[in-house]
Amino acid sequence: MFAVRTFPRRLLPSASIAILALGACSDSSSPNAGPVGLSFAARGDVSTTSSGATPTSSGIIVANGNDTLRLTSVHLVIDELELLRTATGVCTDDSSSDDSSPDDSGHHTASSSDCFEVKTGPYLIDLPVNGNVASSITMTVPGGSYSKLEMKLRPADSGDDRGFIAAHPEMSNISVLAEGTYNGRPFTWRGSVRADLEMHFAQALVVDGTGNVTVNIDVGGWFRTGTGAIIDPATAGIGQVGFLTVAQNIGASFGAFEDDDHDGHDDHGGRSNDD
């Protein structure tokens with residue numbers, strides 16, 4: 001699910017990428033609790049992405065006709081990670097008393113006992129663009145079966161996340177920073193994209209020890225129109241006509257799957273991105 005909208009702000013400290021978190025909504029000391037890694041890849045599970053892009057040692061290459069776009073660097077700001085137990089709804093956002101069930105997307109929220117929530121962040125993700133998988137976050141998760149991962153893509157808050165912004169000034173007021181070339185011309189694309197990300201596992205994630213979840217992002221589809229034409233990033237900046245299309249593409253590009261061997265493939269052979 002993707003929506004471009006604003007969110008109530010939870011007061012959270014900034015944090016480093018690698019953490020060992022205590023469960024705020026579930027007891028991480030329960031039997032069979034274990035560390036679960038969260039890794040990121042730019043469609044690392046296939047040699048050629050579904051959007052027609054190809055990961056190479058020098059970046060993701062997208063070609064259409066006479067146009068070629070190469071992404072050489074991608075950074076993301078994510079926050080409010082939640083794992084949802086099977087046979088439940090949507091994790092409750094307890095950051096604001098204004099939130100109620102059902103939420104504004106029509107989903108009924110799950111009780112706090114159904115979710116494991118990491119209440120630290122934001123996190124800066126340096127997304128590999130060469131087909132590799134990068135391990136970024138570690139959580140101690142209560143044993144059990146989980147059906148999906150939820151997170152938010154959003155800019156860091158200038159008031160509450162001052163430490164994060166001081167450490168990463170290039171990400172001030174933005175959640176996505178992409179660099180590369182378009183038809184040989186260098187570009188830097190900055191976007192203040194806000195998205196609710198819900199990533200269903202093709203097969204339930206069973207936590208009974210150590211494990212890993214890979215978030216796969218089809219960056220090759222970001223700068224594409226509905227007909228497959230490549231969007232010139234110079235025409236898609238904040239306030240420009242192409243920005244909304246790129247923002248919507250970004251929000252729709254996330255998928256997640258169990259990947260205990262960190263090879264970029266779904267361990268159960270399911271789809272790596274949500275429909």
# chains A, B, ... in the order shown; residues from 1 in each chain; ligands from 1
call {"tool": "closest_atom_pairs", "arguments": {"of": "stretch 206-226 of chain A", "to": "stretch 180-201 of chain A", "cutoff": "10 Å", "atoms": "only C-alpha atoms", "output": "tab-separated table"}}
result
residue	atom	partner	partner_atom	distance
A:Val213	CA	A:Phe201	CA	9.4
A:Val215	CA	A:Met199	CA	8.5
A:Asn216	CA	A:Met199	CA	9.9
call {"tool": "write_last_selection", "arguments": {"atoms": "N, CA and C atoms", "output": "mmCIF file, in the first residue's frame"}}
result
data_model
loop_
_atom_site.group_PDB
_atom_site.id
_atom_site.type_symbol
_atom_site.label_atom_id
_atom_site.label_comp_id
_atom_site.auth_asym_id
_atom_site.auth_seq_id
_atom_site.Cartn_x
_atom_site.Cartn_y
_atom_site.Cartn_z
ATOM 1 N N VAL A 213 15.265 -10.616 6.974
ATOM 2 C CA VAL A 213 14.270 -10.161 6.006
ATOM 3 C C VAL A 213 14.958 -9.177 5.071
ATOM 4 N N VAL A 215 14.409 -6.277 2.261
ATOM 5 C CA VAL A 215 13.504 -5.328 1.617
ATOM 6 C C VAL A 215 14.066 -5.055 0.227
ATOM 7 N N ASN A 216 13.308 -5.428 -0.768
ATOM 8 C CA ASN A 216 13.736 -5.309 -2.157
ATOM 9 C C ASN A 216 13.040 -4.106 -2.785
#
call {"tool": "select_by_dssp", "arguments": {"residues": "stretch 108-219 of chain A", "states": "strand (DSSP E or B)", "output": "count of residues only"}}
result
64
call {"tool": "closest_residue", "arguments": {"among": "A:Gly59, A:Gly121, A:Gly34, A:Gly163", "to": "A:Gly144", "atoms": "only C-alpha atoms"}}
result
A:Gly34
call {"tool": "residues_around", "arguments": {"residues": "A:Asn249", "least_positions_apart": "6", "cutoff": "8 Å", "atoms": "only C-alpha atoms", "output": "CSV table (one decimal) with N, CA and C atoms, in the first residue's frame"}}
result
chain,number,residue,atom,x,y,z
A,221,GLY,N,12.2,1.3,-11.7
A,221,GLY,CA,10.9,1.8,-12.1
A,221,GLY,C,10.6,3.2,-11.6
A,222,TRP,N,11.5,3.8,-10.8
A,222,TRP,CA,11.2,5.1,-10.3
A,222,TRP,C,11.0,6.2,-11.3
A,223,PHE,N,11.9,6.2,-12.3
A,223,PHE,CA,11.8,7.3,-13.3
A,223,PHE,C,11.2,6.7,-14.6
A,224,ARG,N,10.0,6.2,-14.5
A,224,ARG,CA,9.3,5.6,-15.6
A,224,ARG,C,7.9,6.2,-15.6
call {"tool": "closest_residue", "arguments": {"among": "A:Gly37, A:Gly269, A:Pro122, A:Pro128", "to": "A:Ser158", "atoms": "only C-alpha atoms"}}
result
A:Pro122
call {"tool": "select_by_dssp", "arguments": {"residues": "stretch 139-225 of chain A", "states": "helix (DSSP H, G or I)", "output": "ChimeraX atom specification"}}
result
/A:162-167,169-171,219-221
call {"tool": "write_last_selection", "arguments": {"atoms": "N, CA and C atoms", "output": "PDB file, in the first residue's frame"}}
result
ATOM      1  N   ARG A 162      17.139  16.239  15.319  1.00  0.00           N
ATOM      2  CA  ARG A 162      18.254  17.149  15.061  1.00  0.00           C
ATOM      3  C   ARG A 162      19.585  16.408  14.980  1.00  0.00           C
ATOM      4  N   GLY A 163      19.759  15.384  15.827  1.00  0.00           N
ATOM      5  CA  GLY A 163      21.002  14.624  15.794  1.00  0.00           C
ATOM      6  C   GLY A 163      21.201  13.917  14.466  1.00  0.00           C
ATOM      7  N   PHE A 164      20.120  13.336  13.934  1.00  0.00           N
ATOM      8  CA  PHE A 164      20.199  12.659  12.640  1.00  0.00           C
ATOM      9  C   PHE A 164      20.561  13.643  11.541  1.00  0.00           C
ATOM     10  N   ILE A 165      19.908  14.795  11.524  1.00  0.00           N
ATOM     11  CA  ILE A 165      20.153  15.783  10.479  1.00  0.00           C
ATOM     12  C   ILE A 165      21.565  16.340  10.585  1.00  0.00           C
ATOM     13  N   ALA A 166      22.060  16.523  11.820  1.00  0.00           N
ATOM     14  CA  ALA A 166      23.433  17.008  11.998  1.00  0.00           C
ATOM     15  C   ALA A 166      24.438  16.011  11.433  1.00  0.00           C
ATOM     16  N   ALA A 167      24.130  14.709  11.602  1.00  0.00           N
ATOM     17  CA  ALA A 167      25.025  13.671  11.090  1.00  0.00           C
ATOM     18  C   ALA A 167      24.895  13.487   9.585  1.00  0.00           C
ATOM     19  N   PRO A 169      23.495  15.977   6.972  1.00  0.00           N
ATOM     20  CA  PRO A 169      22.875  17.237   6.502  1.00  0.00           C
ATOM     21  C   PRO A 169      22.366  17.159   5.079  1.00  0.00           C
ATOM     22  N   GLU A 170      22.912  16.242   4.281  1.00  0.00           N
ATOM     23  CA  GLU A 170      22.460  16.120   2.896  1.00  0.00           C
ATOM     24  C   GLU A 170      21.023  15.619   2.810  1.00  0.00           C
ATOM     25  N   MET A 171      20.496  15.043   3.928  1.00  0.00           N
ATOM     26  CA  MET A 171      19.139  14.503   3.945  1.00  0.00           C
ATOM     27  C   MET A 171      18.147  15.450   4.627  1.00  0.00           C
ATOM     28  N   VAL A 219      14.174   0.130  -7.897  1.00  0.00           N
ATOM     29  CA  VAL A 219      14.527   1.523  -8.224  1.00  0.00           C
ATOM     30  C   VAL A 219      14.504   1.771  -9.721  1.00  0.00           C
ATOM     31  N   GLY A 220      14.599   0.710 -10.518  1.00  0.00           N
ATOM     32  CA  GLY A 220      14.572   0.888 -11.964  1.00  0.00           C
ATOM     33  C   GLY A 220      13.253   1.415 -12.479  1.00  0.00           C
ATOM     34  N   GLY A 221      12.188   1.280 -11.678  1.00  0.00           N
ATOM     35  CA  GLY A 221      10.893   1.795 -12.092  1.00  0.00           C
ATOM     36  C   GLY A 221      10.584   3.187 -11.596  1.00  0.00           C
TER      37      GLY A 221
END
call {"tool": "atom_distance", "arguments": {"atom1": "atom CA of A:Ile231", "atom2": "atom CA of A:Pro55"}}
result
18.6 Å
call {"tool": "closest_residue", "arguments": {"among": "A:Leu76, A:Val207, A:Ala134, A:Met151", "to": "A:Ala178", "atoms": "only C-alpha atoms"}}
result
A:Leu76
call {"tool": "atom_distance", "arguments": {"atom1": "atom CA of A:Gln203", "atom2": "atom CA of A:His268"}}
result
6.8 Å
call {"tool": "closest_residue", "arguments": {"among": "A:Pro142, A:Ile125, A:Leu205, A:Gly211", "to": "A:Asp260", "atoms": "only C-alpha atoms"}}
result
A:Gly211
call {"tool": "atom_distance", "arguments": {"atom1": "atom CA of A:Asn130", "atom2": "atom CA of A:Thr54"}}
result
8.8 Å
call {"tool": "residues_around", "arguments": {"residues": "A:Ile217", "least_positions_apart": "4", "cutoff": "8 Å", "atoms": "only C-alpha atoms", "output": "short mmCIF file (atom, residue, chain, number, x, y, z; two decimals) with C-alpha atoms, in the first residue's frame"}}
result
data_model
loop_
_atom_site.label_atom_id
_atom_site.label_comp_id
_atom_site.auth_asym_id
_atom_site.auth_seq_id
_atom_site.Cartn_x
_atom_site.Cartn_y
_atom_site.Cartn_z
CA PHE A 40 18.06 -3.91 1.69
CA ALA A 41 18.58 -4.56 -2.01
CA ALA A 42 17.76 -2.82 -5.27
CA ARG A 43 16.04 -5.81 -6.91
CA SER A 253 8.51 -0.19 -5.41
CA PHE A 254 8.99 -1.85 -1.99
CA GLY A 255 8.63 -5.55 -1.26
CA ASN A 273 7.43 -7.07 -4.42
#
call {"tool": "decode", "arguments": {"residues": "stretch 146-272 of chain A", "atoms": "C-alpha atoms", "output": "mmCIF file, in the first residue's frame"}}
result
data_model
loop_
_atom_site.group_PDB
_atom_site.id
_atom_site.type_symbol
_atom_site.label_atom_id
_atom_site.label_comp_id
_atom_site.auth_asym_id
_atom_site.auth_seq_id
_atom_site.Cartn_x
_atom_site.Cartn_y
_atom_site.Cartn_z
ATOM 1 C CA TYR A 146 4.693 -12.783 11.226
ATOM 2 C CA SER A 147 2.752 -11.905 8.089
ATOM 3 C CA LYS A 148 4.154 -8.547 7.026
ATOM 4 C CA LEU A 149 6.555 -5.708 7.632
ATOM 5 C CA GLU A 150 5.407 -2.103 7.951
ATOM 6 C CA MET A 151 7.551 1.028 7.882
ATOM 7 C CA LYS A 152 7.361 4.666 6.919
ATOM 8 C CA LEU A 153 9.375 6.527 4.340
ATOM 9 C CA ARG A 154 9.553 10.155 5.395
ATOM 10 C CA PRO A 155 11.955 13.077 5.913
ATOM 11 C CA ALA A 156 13.603 13.425 9.311
ATOM 12 C CA ASP A 157 11.927 15.979 11.566
ATOM 13 C CA SER A 158 13.961 19.171 11.960
ATOM 14 C CA GLY A 159 12.944 19.438 15.607
ATOM 15 C CA ASP A 160 12.897 15.896 16.948
ATOM 16 C CA ASP A 161 15.633 14.431 14.753
ATOM 17 C CA ARG A 162 18.254 17.149 15.061
ATOM 18 C CA GLY A 163 21.002 14.624 15.794
ATOM 19 C CA PHE A 164 20.199 12.659 12.640
ATOM 20 C CA ILE A 165 20.153 15.783 10.479
ATOM 21 C CA ALA A 166 23.433 17.008 11.998
ATOM 22 C CA ALA A 167 25.025 13.671 11.090
ATOM 23 C CA HIS A 168 23.436 13.617 7.608
ATOM 24 C CA PRO A 169 22.875 17.237 6.502
ATOM 25 C CA GLU A 170 22.460 16.120 2.896
ATOM 26 C CA MET A 171 19.139 14.503 3.945
ATOM 27 C CA SER A 172 17.645 17.617 5.543
ATOM 28 C CA ASN A 173 13.936 17.914 4.587
ATOM 29 C CA ILE A 174 14.094 14.960 2.194
ATOM 30 C CA SER A 175 13.559 11.199 2.406
ATOM 31 C CA VAL A 176 15.089 10.137 -0.923
ATOM 32 C CA LEU A 177 18.386 11.193 -2.477
ATOM 33 C CA ALA A 178 19.289 9.643 -5.834
ATOM 34 C CA GLU A 179 22.294 10.428 -7.997
ATOM 35 C CA GLY A 180 23.326 9.283 -11.435
ATOM 36 C CA THR A 181 23.312 10.283 -15.076
ATOM 37 C CA TYR A 182 20.584 10.786 -17.656
ATOM 38 C CA ASN A 183 21.817 10.469 -21.253
ATOM 39 C CA GLY A 184 25.292 11.107 -19.895
ATOM 40 C CA ARG A 185 24.349 14.244 -17.919
ATOM 41 C CA PRO A 186 24.873 14.040 -14.132
ATOM 42 C CA PHE A 187 21.817 14.608 -11.915
ATOM 43 C CA THR A 188 20.912 14.698 -8.230
ATOM 44 C CA TRP A 189 17.258 14.040 -7.379
ATOM 45 C CA ARG A 190 15.898 14.996 -3.975
ATOM 46 C CA GLY A 191 12.401 14.078 -2.830
ATOM 47 C CA SER A 192 10.408 14.703 0.340
ATOM 48 C CA VAL A 193 8.364 11.536 -0.286
ATOM 49 C CA ARG A 194 6.087 10.335 2.545
ATOM 50 C CA ALA A 195 4.728 6.822 2.262
ATOM 51 C CA ASP A 196 3.119 4.137 4.418
ATOM 52 C CA LEU A 197 4.808 0.904 3.326
ATOM 53 C CA GLU A 198 3.088 -2.451 3.941
ATOM 54 C CA MET A 199 5.049 -5.466 2.687
ATOM 55 C CA HIS A 200 3.341 -8.857 2.924
ATOM 56 C CA PHE A 201 5.496 -11.974 3.106
ATOM 57 C CA ALA A 202 4.665 -14.606 0.481
ATOM 58 C CA GLN A 203 5.011 -17.144 3.290
ATOM 59 C CA ALA A 204 4.850 -16.257 6.978
ATOM 60 C CA LEU A 205 8.111 -15.316 8.679
ATOM 61 C CA VAL A 206 8.603 -17.762 11.558
ATOM 62 C CA VAL A 207 10.925 -16.475 14.279
ATOM 63 C CA ASP A 208 12.466 -19.274 16.341
ATOM 64 C CA GLY A 209 16.083 -18.176 16.344
ATOM 65 C CA THR A 210 18.112 -16.028 13.987
ATOM 66 C CA GLY A 211 16.772 -14.858 10.638
ATOM 67 C CA ASN A 212 16.821 -12.122 8.023
ATOM 68 C CA VAL A 213 14.270 -10.161 6.006
ATOM 69 C CA THR A 214 15.345 -8.432 2.797
ATOM 70 C CA VAL A 215 13.504 -5.328 1.617
ATOM 71 C CA ASN A 216 13.736 -5.309 -2.157
ATOM 72 C CA ILE A 217 13.250 -1.974 -3.949
ATOM 73 C CA ASP A 218 12.665 -1.759 -7.699
ATOM 74 C CA VAL A 219 14.527 1.523 -8.224
ATOM 75 C CA GLY A 220 14.572 0.888 -11.964
ATOM 76 C CA GLY A 221 10.893 1.795 -12.092
ATOM 77 C CA TRP A 222 11.189 5.099 -10.255
ATOM 78 C CA PHE A 223 11.802 7.300 -13.289
ATOM 79 C CA ARG A 224 9.301 5.643 -15.622
ATOM 80 C CA THR A 225 5.933 6.725 -16.992
ATOM 81 C CA GLY A 226 3.007 4.324 -17.263
ATOM 82 C CA THR A 227 4.006 3.613 -20.868
ATOM 83 C CA GLY A 228 7.600 2.785 -19.912
ATOM 84 C CA ALA A 229 9.194 6.020 -21.115
ATOM 85 C CA ILE A 230 12.066 7.295 -18.979
ATOM 86 C CA ILE A 231 11.428 10.493 -17.020
ATOM 87 C CA ASP A 232 14.235 13.053 -17.120
ATOM 88 C CA PRO A 233 15.042 13.643 -13.402
ATOM 89 C CA ALA A 234 15.609 17.324 -14.242
ATOM 90 C CA THR A 235 11.846 17.595 -14.916
ATOM 91 C CA ALA A 236 10.747 15.701 -11.806
ATOM 92 C CA GLY A 237 12.063 17.721 -8.883
ATOM 93 C CA ILE A 238 9.947 18.987 -6.001
ATOM 94 C CA GLY A 239 7.243 21.251 -7.443
ATOM 95 C CA GLN A 240 7.770 20.060 -11.014
ATOM 96 C CA VAL A 241 5.293 18.222 -13.198
ATOM 97 C CA GLY A 242 6.991 14.822 -12.973
ATOM 98 C CA PHE A 243 7.472 14.761 -9.207
ATOM 99 C CA LEU A 244 4.179 13.095 -8.266
ATOM 100 C CA THR A 245 4.719 10.275 -10.769
ATOM 101 C CA VAL A 246 8.185 9.557 -9.403
ATOM 102 C CA ALA A 247 6.931 9.779 -5.793
ATOM 103 C CA GLN A 248 4.141 7.297 -6.525
ATOM 104 C CA ASN A 249 6.603 4.977 -8.271
ATOM 105 C CA ILE A 250 8.899 5.076 -5.249
ATOM 106 C CA GLY A 251 6.098 4.191 -2.841
ATOM 107 C CA ALA A 252 5.007 1.251 -5.006
ATOM 108 C CA SER A 253 8.511 -0.186 -5.406
ATOM 109 C CA PHE A 254 8.993 -1.845 -1.990
ATOM 110 C CA GLY A 255 8.627 -5.551 -1.262
ATOM 111 C CA ALA A 256 9.945 -7.840 1.494
ATOM 112 C CA PHE A 257 10.703 -11.536 1.941
ATOM 113 C CA GLU A 258 12.551 -13.949 4.191
ATOM 114 C CA ASP A 259 16.171 -14.191 3.112
ATOM 115 C CA ASP A 260 18.165 -15.993 5.798
ATOM 116 C CA ASP A 261 21.168 -16.603 3.547
ATOM 117 C CA HIS A 262 21.339 -12.945 2.409
ATOM 118 C CA ASP A 263 21.448 -13.898 -1.268
ATOM 119 C CA GLY A 264 18.655 -11.562 -2.411
ATOM 120 C CA HIS A 265 16.260 -14.452 -3.154
ATOM 121 C CA ASP A 266 13.037 -15.235 -1.332
ATOM 122 C CA ASP A 267 13.783 -18.379 0.701
ATOM 123 C CA HIS A 268 10.295 -19.659 -0.177
ATOM 124 C CA GLY A 269 10.351 -18.721 -3.852
ATOM 125 C CA GLY A 270 7.585 -16.105 -3.596
ATOM 126 C CA ARG A 271 7.307 -12.706 -5.215
ATOM 127 C CA SER A 272 9.690 -10.090 -3.859
#
